[in-house]
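Participant: The following file, run-v6.cif, comprises mmCIF, C-alpha atoms:
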```cif
data_protein
#
loop_
_atom_site.label_atom_id
_atom_site.label_comp_id
_atom_site.auth_asym_id
_atom_site.auth_seq_id
_atom_site.Cartn_x
_atom_site.Cartn_y
_atom_site.Cartn_z
CA MET A 283 -81.93 -171.33 22.36
CA ARG A 284 -81.62 -173.47 25.46
CA ALA A 285 -77.94 -174.00 24.70
CA PHE A 286 -77.47 -170.23 24.45
CA PHE A 287 -79.07 -169.61 27.85
CA ARG A 288 -77.00 -172.43 29.35
CA THR A 289 -73.90 -170.68 28.03
CA ILE A 290 -75.04 -167.38 29.61
CA LEU A 291 -75.49 -169.11 32.97
CA SER A 292 -72.08 -170.75 32.61
CA SER A 293 -70.44 -167.41 31.74
CA THR A 294 -72.12 -165.72 34.71
CA ARG A 295 -70.95 -168.47 37.03
CA ASP A 296 -67.39 -168.22 35.72
CA LEU A 297 -67.25 -164.44 36.11
CA ALA A 298 -68.94 -164.34 39.52
CA PRO A 299 -65.75 -165.03 41.56
CA ILE A 300 -63.94 -162.15 39.80
CA VAL A 301 -66.78 -159.73 40.55
CA LEU A 302 -66.99 -160.87 44.18
CA VAL A 303 -63.24 -160.43 44.70
CA ILE A 304 -63.35 -156.89 43.31
CA LEU A 305 -66.36 -155.99 45.45
CA PHE A 306 -64.80 -157.45 48.59
CA PHE A 307 -61.52 -155.57 48.29
CA GLN A 308 -63.19 -152.34 47.18
CA VAL A 309 -65.79 -152.23 49.96
CA VAL A 310 -64.24 -154.22 52.84
CA VAL A 311 -60.48 -153.74 52.50
CA LEU A 312 -60.20 -150.33 50.82
CA GLU A 313 -63.47 -149.13 52.39
CA GLN A 314 -64.24 -147.08 49.31
CA PRO A 315 -67.67 -146.73 47.69
CA LEU A 316 -68.18 -148.11 44.22
CA SER A 317 -67.74 -145.28 41.76
CA LYS A 318 -69.68 -145.25 38.50
CA LEU A 319 -71.94 -148.09 39.61
CA THR A 320 -74.06 -147.88 36.45
CA GLY A 321 -70.99 -148.23 34.25
CA LEU A 322 -69.74 -151.13 36.37
CA ILE A 323 -73.02 -153.02 36.04
CA GLY A 324 -73.29 -152.28 32.33
CA GLY A 325 -69.68 -153.31 31.70
CA THR A 326 -70.16 -156.56 33.60
CA LEU A 327 -73.24 -157.40 31.53
CA LEU A 328 -71.32 -156.69 28.33
CA VAL A 329 -68.49 -158.96 29.50
CA VAL A 330 -71.00 -161.75 30.22
CA LEU A 331 -72.60 -161.35 26.79
CA GLY A 332 -69.22 -161.12 25.07
CA LEU A 333 -67.97 -164.27 26.76
CA THR A 334 -71.23 -166.04 25.94
CA PHE A 335 -71.06 -165.21 22.23
CA PHE A 336 -67.38 -166.13 22.15
CA LEU A 337 -67.99 -169.55 23.70
CA ARG A 338 -70.94 -170.22 21.40
CA GLY A 339 -68.81 -169.24 18.43
CA LEU A 340 -66.09 -171.66 19.50
CA ASN A 341 -68.51 -174.55 19.81
CA MET A 342 -70.42 -173.75 16.62
CA ALA A 343 -67.58 -172.84 14.26
CA LEU A 344 -63.94 -172.73 15.31
CA PHE A 345 -63.60 -176.14 16.94
CA PRO A 346 -65.56 -178.00 14.22
CA ILE A 347 -63.70 -176.19 11.42
CA GLY A 348 -60.29 -176.88 12.95
CA GLU A 349 -61.04 -180.56 13.52
CA SER A 350 -62.65 -181.11 10.12
CA MET A 351 -59.78 -179.42 8.26
CA ALA A 352 -57.22 -181.49 10.16
CA TYR A 353 -59.15 -184.63 9.26
CA ASP A 354 -59.41 -183.58 5.60
CA PHE A 355 -55.69 -182.85 5.34
CA ALA A 356 -54.86 -186.20 6.94
CA ARG A 357 -57.19 -187.98 4.51
CA LYS A 358 -55.72 -186.06 1.57
CA GLY A 359 -52.33 -187.52 2.47
CA SER A 360 -50.29 -184.46 1.46
CA LEU A 361 -47.64 -183.78 4.09
CA PHE A 362 -46.59 -180.52 2.44
CA TRP A 363 -50.06 -178.96 2.53
CA LEU A 364 -50.69 -180.19 6.07
CA LEU A 365 -47.48 -178.56 7.30
CA ALA A 366 -48.14 -175.41 5.26
CA PHE A 367 -51.63 -175.15 6.76
CA SER A 368 -50.28 -175.72 10.27
CA PHE A 369 -47.68 -172.96 9.93
CA ALA A 370 -50.16 -170.54 8.35
CA LEU A 371 -52.74 -171.25 11.07
CA GLY A 372 -50.29 -170.61 13.89
CA PHE A 373 -48.89 -167.49 12.22
CA GLY A 374 -52.24 -165.99 11.20
CA THR A 375 -54.02 -166.50 14.51
CA THR A 376 -51.09 -165.05 16.47
CA ILE A 377 -50.75 -161.92 14.36
CA ALA A 378 -54.46 -161.24 15.02
CA GLU A 379 -54.17 -161.95 18.77
CA PRO A 380 -55.47 -158.90 20.70
CA ALA A 381 -53.26 -159.56 23.72
CA LEU A 382 -50.14 -159.60 21.56
CA ILE A 383 -51.12 -156.32 19.87
CA VAL A 384 -51.44 -154.64 23.27
CA VAL A 385 -48.14 -156.00 24.60
CA ALA A 386 -46.29 -155.06 21.40
CA LYS A 387 -47.58 -151.47 21.57
CA GLU A 388 -46.61 -151.12 25.22
CA ALA A 389 -43.17 -152.61 24.54
CA ALA A 390 -42.65 -150.11 21.72
CA LYS A 391 -43.58 -147.20 24.02
CA ILE A 392 -41.15 -148.35 26.70
CA ALA A 393 -38.40 -148.93 24.14
CA ALA A 394 -38.86 -145.40 22.81
CA ALA A 395 -38.93 -143.86 26.29
CA SER A 396 -35.73 -145.67 27.29
CA GLY A 397 -33.90 -144.59 24.14
CA GLN A 398 -33.59 -148.03 22.57
CA ILE A 399 -35.44 -146.80 19.48
CA LEU A 400 -36.28 -143.37 18.11
CA ASP A 401 -39.17 -141.69 19.89
CA SER A 402 -41.36 -141.33 16.82
CA ASP A 403 -44.62 -142.86 15.63
CA SER A 404 -42.96 -144.65 12.72
CA ALA A 405 -40.25 -146.15 14.93
CA ARG A 406 -42.76 -147.35 17.51
CA VAL A 407 -45.03 -148.84 14.83
CA SER A 408 -42.07 -150.56 13.18
CA TYR A 409 -40.81 -151.97 16.49
CA ALA A 410 -44.26 -153.24 17.49
CA PHE A 411 -44.83 -154.82 14.08
CA GLY A 412 -41.42 -156.49 14.17
CA LEU A 413 -42.22 -157.88 17.61
CA ARG A 414 -45.60 -159.20 16.43
CA LEU A 415 -44.02 -160.66 13.31
CA SER A 416 -41.34 -162.51 15.27
CA VAL A 417 -43.95 -163.93 17.66
CA GLY A 418 -46.22 -164.91 14.76
CA LEU A 419 -43.37 -166.76 13.07
CA ALA A 420 -42.56 -168.42 16.39
CA VAL A 421 -46.07 -169.78 16.87
CA GLY A 422 -46.18 -170.85 13.22
CA VAL A 423 -43.01 -172.85 13.76
CA ALA A 424 -44.37 -174.20 17.06
CA THR A 425 -47.54 -175.43 15.36
CA LEU A 426 -45.41 -177.01 12.66
CA ILE A 427 -43.29 -178.81 15.28
CA GLY A 428 -46.43 -179.89 17.15
CA VAL A 429 -47.95 -181.43 14.02
CA ILE A 430 -44.70 -183.26 13.21
CA ARG A 431 -44.67 -184.53 16.81
CA ILE A 432 -48.17 -185.96 16.35
CA LEU A 433 -47.23 -187.55 13.04
CA ARG A 434 -43.99 -189.04 14.38
CA GLY A 435 -45.25 -189.87 17.86
CA TRP A 436 -42.50 -187.95 19.67
CA PRO A 437 -42.92 -187.76 23.48
CA ILE A 438 -44.10 -184.29 24.49
CA HIS A 439 -41.74 -184.09 27.48
CA ILE A 440 -38.68 -184.48 25.25
CA VAL A 441 -39.80 -181.58 23.06
CA MET A 442 -40.52 -179.42 26.12
CA VAL A 443 -37.18 -180.14 27.80
CA VAL A 444 -35.23 -179.29 24.64
CA GLY A 445 -37.26 -176.11 24.19
CA TYR A 446 -36.72 -174.83 27.73
CA VAL A 447 -33.00 -175.65 27.61
CA ILE A 448 -32.75 -173.42 24.52
CA VAL A 449 -34.72 -170.69 26.34
CA MET A 450 -32.42 -170.81 29.37
CA ILE A 451 -29.29 -170.64 27.22
CA MET A 452 -30.62 -167.69 25.20
CA THR A 453 -31.61 -165.88 28.39
CA ILE A 454 -27.94 -165.66 29.33
CA PHE A 455 -27.00 -163.87 26.12
CA ALA A 456 -30.15 -161.84 25.34
CA PRO A 457 -30.34 -158.13 26.23
CA LYS A 458 -31.89 -157.74 29.66
CA GLU A 459 -34.43 -155.23 28.28
CA ILE A 460 -36.01 -157.88 26.03
CA ILE A 461 -36.07 -160.86 28.41
CA GLY A 462 -39.24 -159.86 30.26
CA ILE A 463 -41.04 -159.08 27.01
CA ALA A 464 -39.92 -162.43 25.59
CA TYR A 465 -41.23 -164.35 28.59
CA ASP A 466 -44.54 -162.49 28.47
CA ALA A 467 -44.80 -163.22 24.73
CA GLY A 468 -44.97 -166.91 25.56
CA GLY A 469 -48.16 -166.28 27.50
CA VAL A 470 -50.00 -163.68 25.44
CA THR A 471 -49.78 -165.75 22.26
CA THR A 472 -51.76 -168.58 23.81
CA SER A 473 -54.95 -166.58 24.14
CA THR A 474 -58.47 -166.22 22.77
CA ILE A 475 -57.87 -166.72 19.04
CA THR A 476 -54.86 -169.02 18.92
CA VAL A 477 -55.82 -171.61 21.53
CA PRO A 478 -59.18 -172.82 20.09
CA LEU A 479 -57.98 -173.28 16.52
CA VAL A 480 -54.58 -174.80 17.34
CA THR A 481 -56.13 -177.14 19.92
CA ALA A 482 -58.79 -178.22 17.44
CA LEU A 483 -56.08 -178.87 14.85
CA GLY A 484 -54.12 -181.11 17.21
CA VAL A 485 -57.14 -183.07 18.46
CA GLY A 486 -58.58 -183.47 14.96
CA LEU A 487 -55.26 -184.62 13.53
CA ALA A 488 -54.61 -187.13 16.31
CA SER A 489 -58.17 -188.45 15.98
CA SER A 490 -57.77 -189.03 12.24
CA ILE A 491 -54.43 -190.87 12.35
CA LYS A 492 -54.46 -194.55 13.15
CA GLY A 493 -52.45 -195.42 16.22
CA ARG A 494 -52.65 -191.93 17.75
CA ASN A 495 -54.54 -191.22 20.96
CA PRO A 496 -56.28 -187.79 20.96
CA MET A 497 -55.79 -187.45 24.72
CA VAL A 498 -52.08 -188.32 24.60
CA ASP A 499 -51.06 -186.96 21.20
CA GLY A 500 -53.74 -184.39 20.40
CA PHE A 501 -52.80 -181.92 23.12
CA GLY A 502 -49.47 -180.20 23.67
CA LEU A 503 -49.37 -177.82 20.72
CA ILE A 504 -50.19 -174.86 22.96
CA ALA A 505 -47.36 -175.80 25.34
CA ILE A 506 -44.89 -175.76 22.47
CA ALA A 507 -46.37 -172.48 21.24
CA SER A 508 -45.55 -170.90 24.61
CA ILE A 509 -41.85 -171.74 24.24
CA THR A 510 -40.94 -170.66 20.72
CA PRO A 511 -42.06 -167.00 21.16
CA MET A 512 -39.53 -166.64 23.98
CA VAL A 513 -36.79 -167.92 21.67
CA PHE A 514 -37.80 -165.76 18.71
CA VAL A 515 -38.32 -162.56 20.71
CA MET A 516 -34.96 -162.89 22.45
CA ALA A 517 -33.38 -163.47 19.02
CA TYR A 518 -35.23 -160.36 17.77
CA GLY A 519 -33.77 -158.37 20.66
CA MET A 520 -30.27 -159.68 20.02
CA LEU A 521 -30.44 -158.72 16.35
CA ASN A 522 -31.78 -155.19 16.95
#
```
Show this structure as structure tokens.

Facilitator:
Amino acid sequence: MRAFFRTILSSTRDLAPIVLVILFFQVVVLEQPLSKLTGLIGGTLLVVLGLTFFLRGLNMALFPIGESMAYDFARKGSLFWLLAFSFALGFGTTIAEPALIVVAKEAAKIAAASGQILDSDSARVSYAFGLRLSVGLAVGVATLIGVIRILRGWPIHIVMVVGYVIVMIMTIFAPKEIIGIAYDAGGVTTSTITVPLVTALGVGLASSIKGRNPMVDGFGLIAIASITPMVFVMAYGMLN
């Protein structure tokens, strides 16, 4: 119970600067009264509670599960199942990512309005699902590459340089309408669901392999996962 209340205090402290900024610009700069004050207060409390439960869930379940499964796969010694699990984890968490769902829907609306696709519900749903699928595959591949990097001990900066060189080359040839969406996809995929599980996988795997340093080798999967969606989404735009 004490841990729960500590998490509430931490969530309140983290959200306080955001609330203060909004209040300052609303009252001092815009000189406008706060409309729907009751709704604002209630919404803020819900955000605090939501963040609190989310953080408690991470500490109680997601991080321990990710680390323990990585350790179990490493102890099992099956490279195939470790890589299969890594790909499935990256793919599954990304498909369920709320931020990606929102961006994909908005991209489909804009594509329909600009005439790139038919302006119908089925066309918009198909376009949004294709976008989510391409990003999910991208993060699955990124997680796979990140796990191989940990196993092989590849330097993270080499992987990042190669990835961004590919991104820059593809940017030249990709349709200009898809470039912004592709670059945003690199950010929205590394959000609330994907980051905790993928990070736990990397740290747990590096901790369970002899000769690997969790601080040096365990992190970096999220950085790779922010590159591959740009590549896959630009490829998706070039093929459609």

Participant: For region 465-484 of chain A versus region 507-514 of chain A, which residues have an atom no more than 6 Å away, and what is each residue's nearest atom pair and distance in Å rounded to one decimal, using only C-alpha atoms, chain-then-number order, as JSON lines?

Facilitator:
```
{"residue": "A:Tyr465", "atom": "CA", "partner": "A:Met512", "partner_atom": "CA", "distance": 5.4}
{"residue": "A:Ala467", "atom": "CA", "partner": "A:Pro511", "partner_atom": "CA", "distance": 5.9}
{"residue": "A:Gly468", "atom": "CA", "partner": "A:Ser508", "partner_atom": "CA", "distance": 4.1}
```

Participant: Generate a file of the selected residues that holds C-alpha atoms, formatted as a PDB file, in the coordinates of the input.

Facilitator:
```
ATOM      1  CA  TYR A 465     -41.230-164.350  28.590  1.00  0.00           C
ATOM      2  CA  ALA A 467     -44.800-163.220  24.730  1.00  0.00           C
ATOM      3  CA  GLY A 468     -44.970-166.910  25.560  1.00  0.00           C
TER       4      GLY A 468
END
```

Participant: Using only C-alpha atoms, collect all residues at a distance of at most 12 Å from (-75.8, -165.7, 31.9) as written in the file, then present them as an MDAnalysis selection string.

Facilitator: chainID A and resid 284:298 326:335 337

Participant: Save out the residues we just selected, C-alpha atoms, as a short mmCIF file (atom, residue, chain, number, x, y, z; two decimals), keeping the file's coordinate frame.

Facilitator:
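The result, stored in selection10.cif:
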```
data_model
loop_
_atom_site.label_atom_id
_atom_site.label_comp_id
_atom_site.auth_asym_id
_atom_site.auth_seq_id
_atom_site.Cartn_x
_atom_site.Cartn_y
_atom_site.Cartn_z
CA ARG A 284 -81.62 -173.47 25.46
CA ALA A 285 -77.94 -174.00 24.70
CA PHE A 286 -77.47 -170.23 24.45
CA PHE A 287 -79.07 -169.61 27.85
CA ARG A 288 -77.00 -172.43 29.35
CA THR A 289 -73.90 -170.68 28.03
CA ILE A 290 -75.04 -167.38 29.61
CA LEU A 291 -75.49 -169.11 32.97
CA SER A 292 -72.08 -170.75 32.61
CA SER A 293 -70.44 -167.41 31.74
CA THR A 294 -72.12 -165.72 34.71
CA ARG A 295 -70.95 -168.47 37.03
CA ASP A 296 -67.39 -168.22 35.72
CA LEU A 297 -67.25 -164.44 36.11
CA ALA A 298 -68.94 -164.34 39.52
CA THR A 326 -70.16 -156.56 33.60
CA LEU A 327 -73.24 -157.40 31.53
CA LEU A 328 -71.32 -156.69 28.33
CA VAL A 329 -68.49 -158.96 29.50
CA VAL A 330 -71.00 -161.75 30.22
CA LEU A 331 -72.60 -161.35 26.79
CA GLY A 332 -69.22 -161.12 25.07
CA LEU A 333 -67.97 -164.27 26.76
CA THR A 334 -71.23 -166.04 25.94
CA PHE A 335 -71.06 -165.21 22.23
CA LEU A 337 -67.99 -169.55 23.70
#
```

Participant: Show which residues sit within 7 Å of Leu483 (chain A), as a short mmCIF file (atom, residue, chain, number, x, y, z; two decimals) with C-alpha atoms, in the coordinates of the input. Count all atoms listed in the file, and ignore same-chain residues fewer than 4 positions away.

Facilitator:
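What ended up in selection.cif:
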```cif
data_model
loop_
_atom_site.label_atom_id
_atom_site.label_comp_id
_atom_site.auth_asym_id
_atom_site.auth_seq_id
_atom_site.Cartn_x
_atom_site.Cartn_y
_atom_site.Cartn_z
CA GLY A 348 -60.29 -176.88 12.95
CA GLU A 349 -61.04 -180.56 13.52
CA ALA A 352 -57.22 -181.49 10.16
CA LEU A 479 -57.98 -173.28 16.52
CA LEU A 487 -55.26 -184.62 13.53
#
```

Participant: Please evaluate the PyMOL selection byres ((chain A and resi 345) around 12) against the structure above and give the resulting residues as JSON, numbers by chain.

Facilitator: {"A": [336, 337, 338, 339, 340, 341, 342, 343, 344, 346, 347, 348, 349, 350, 351, 352, 475, 476, 477, 478, 479, 480, 481, 482, 483, 484, 485, 486]}

Participant: Run the PyMOL selection byres ((chain A and resi 428) around 8) against the file shown and list the residues it catches, as a PyMOL selection string.

Facilitator: chain A and resi 424-427+429-432+484+502-503+506

Participant: Check which residues satisfy the PyMOL selection byres ((chain A and resi 446-454) around 8) in the file shown, then give them as a CSV table (one decimal) with C-alpha atoms, keeping the file's coordinate frame.

Facilitator:
```csv
chain,number,residue,atom,x,y,z
A,442,MET,CA,-40.5,-179.4,26.1
A,443,VAL,CA,-37.2,-180.1,27.8
A,444,VAL,CA,-35.2,-179.3,24.6
A,445,GLY,CA,-37.3,-176.1,24.2
A,455,PHE,CA,-27.0,-163.9,26.1
A,456,ALA,CA,-30.2,-161.8,25.3
A,461,ILE,CA,-36.1,-160.9,28.4
A,509,ILE,CA,-41.8,-171.7,24.2
A,512,MET,CA,-39.5,-166.6,24.0
A,513,VAL,CA,-36.8,-167.9,21.7
A,516,MET,CA,-35.0,-162.9,22.4
A,517,ALA,CA,-33.4,-163.5,19.0
```

Participant: Work out how far CA of Asp499 (chain A) is from CA of Gly469 (chain A), in Å to one decimal.

Facilitator: 21.8 Å

Participant: So which one's closest to Leu521 (chain A), A:Leu433, A:Met497, A:Ala366, A:Leu413? Using all atoms listed in the file, please.

Facilitator: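 Comparing A:Leu433, A:Met497, A:Ala366, A:Leu413 against Leu521 (chain A), the winner is A:Leu413.
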
Participant: Using all atoms listed in the file, which protein or nucleic acid residues come within 7 Å of Leu382 (chain A)? Drop anything in the same chain fewer than 2 positions from it, and give the result as a PyMOL selection string.

Facilitator: chain A and resi 379-380+384-386+414+470-471

Participant: Please give the centre and size of the box around region 311-318 of chain A (axis-aligned, containing every atom listed in the file, 4 Å added per side), with values in Å to one decimal and written as JSON.

Facilitator:
```
{"center_x": -64.9, "center_y": -149.5, "center_z": 45.5, "size_x": 17.5, "size_y": 16.5, "size_z": 22.0}
```

Participant: Just the number, please: distance in Å from CA of Val421 (chain A) to CA of Ala505 (chain A), one decimal.

Facilitator: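 Calculated distance between CA of Val421 (chain A) and CA of Ala505 (chain A) is 10.5 Å.
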
Participant: Return region 301-325 of chain A, completed with N, CA and C atoms, as a short mmCIF file (atom, residue, chain, number, x, y, z; two decimals), keeping the file's coordinate frame.

Facilitator:
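Resulting contents of selection-v9.cif:
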```cif
data_model
loop_
_atom_site.label_atom_id
_atom_site.label_comp_id
_atom_site.auth_asym_id
_atom_site.auth_seq_id
_atom_site.Cartn_x
_atom_site.Cartn_y
_atom_site.Cartn_z
N VAL A 301 -65.98 -160.86 40.08
CA VAL A 301 -66.78 -159.73 40.55
C VAL A 301 -66.80 -159.67 42.07
N LEU A 302 -66.95 -160.82 42.72
CA LEU A 302 -66.99 -160.87 44.18
C LEU A 302 -65.67 -160.44 44.79
N VAL A 303 -64.55 -160.84 44.19
CA VAL A 303 -63.24 -160.43 44.70
C VAL A 303 -63.08 -158.92 44.62
N ILE A 304 -63.46 -158.34 43.48
CA ILE A 304 -63.35 -156.89 43.31
C ILE A 304 -64.22 -156.16 44.32
N LEU A 305 -65.46 -156.62 44.49
CA LEU A 305 -66.36 -155.99 45.45
C LEU A 305 -65.83 -156.09 46.88
N PHE A 306 -65.30 -157.24 47.23
CA PHE A 306 -64.80 -157.45 48.59
C PHE A 306 -63.66 -156.49 48.91
N PHE A 307 -62.67 -156.42 48.01
CA PHE A 307 -61.52 -155.57 48.29
C PHE A 307 -61.86 -154.08 48.19
N GLN A 308 -62.81 -153.75 47.32
CA GLN A 308 -63.19 -152.34 47.18
C GLN A 308 -63.96 -151.86 48.42
N VAL A 309 -64.90 -152.65 48.88
CA VAL A 309 -65.79 -152.23 49.96
C VAL A 309 -65.22 -152.55 51.34
N VAL A 310 -64.68 -153.76 51.51
CA VAL A 310 -64.24 -154.22 52.84
C VAL A 310 -62.81 -153.79 53.14
N VAL A 311 -61.90 -154.02 52.23
CA VAL A 311 -60.48 -153.74 52.50
C VAL A 311 -60.17 -152.26 52.28
N LEU A 312 -60.48 -151.73 51.11
CA LEU A 312 -60.20 -150.33 50.82
C LEU A 312 -61.20 -149.38 51.45
N GLU A 313 -62.39 -149.92 51.78
CA GLU A 313 -63.47 -149.13 52.39
C GLU A 313 -63.80 -147.91 51.54
N GLN A 314 -63.91 -148.13 50.25
CA GLN A 314 -64.24 -147.08 49.31
C GLN A 314 -65.55 -147.43 48.62
N PRO A 315 -66.41 -146.45 48.40
CA PRO A 315 -67.67 -146.73 47.69
C PRO A 315 -67.39 -147.05 46.23
N LEU A 316 -68.31 -147.76 45.63
CA LEU A 316 -68.18 -148.11 44.22
C LEU A 316 -68.50 -146.88 43.37
N SER A 317 -67.51 -146.42 42.64
CA SER A 317 -67.74 -145.28 41.76
C SER A 317 -68.27 -145.76 40.42
N LYS A 318 -69.10 -144.93 39.81
CA LYS A 318 -69.68 -145.25 38.50
C LYS A 318 -70.34 -146.63 38.51
N LEU A 319 -71.28 -146.79 39.44
CA LEU A 319 -71.94 -148.09 39.61
C LEU A 319 -72.68 -148.51 38.35
N THR A 320 -73.32 -147.54 37.68
CA THR A 320 -74.06 -147.88 36.45
C THR A 320 -73.12 -148.41 35.38
N GLY A 321 -71.98 -147.76 35.23
CA GLY A 321 -70.99 -148.23 34.25
C GLY A 321 -70.44 -149.59 34.61
N LEU A 322 -70.25 -149.84 35.91
CA LEU A 322 -69.74 -151.13 36.37
C LEU A 322 -70.73 -152.25 36.04
N ILE A 323 -72.00 -152.00 36.32
CA ILE A 323 -73.02 -153.02 36.04
C ILE A 323 -73.14 -153.25 34.54
N GLY A 324 -73.18 -152.15 33.78
CA GLY A 324 -73.29 -152.28 32.33
C GLY A 324 -72.09 -152.99 31.72
N GLY A 325 -70.89 -152.65 32.20
CA GLY A 325 -69.68 -153.31 31.70
C GLY A 325 -69.66 -154.79 32.01
#
```
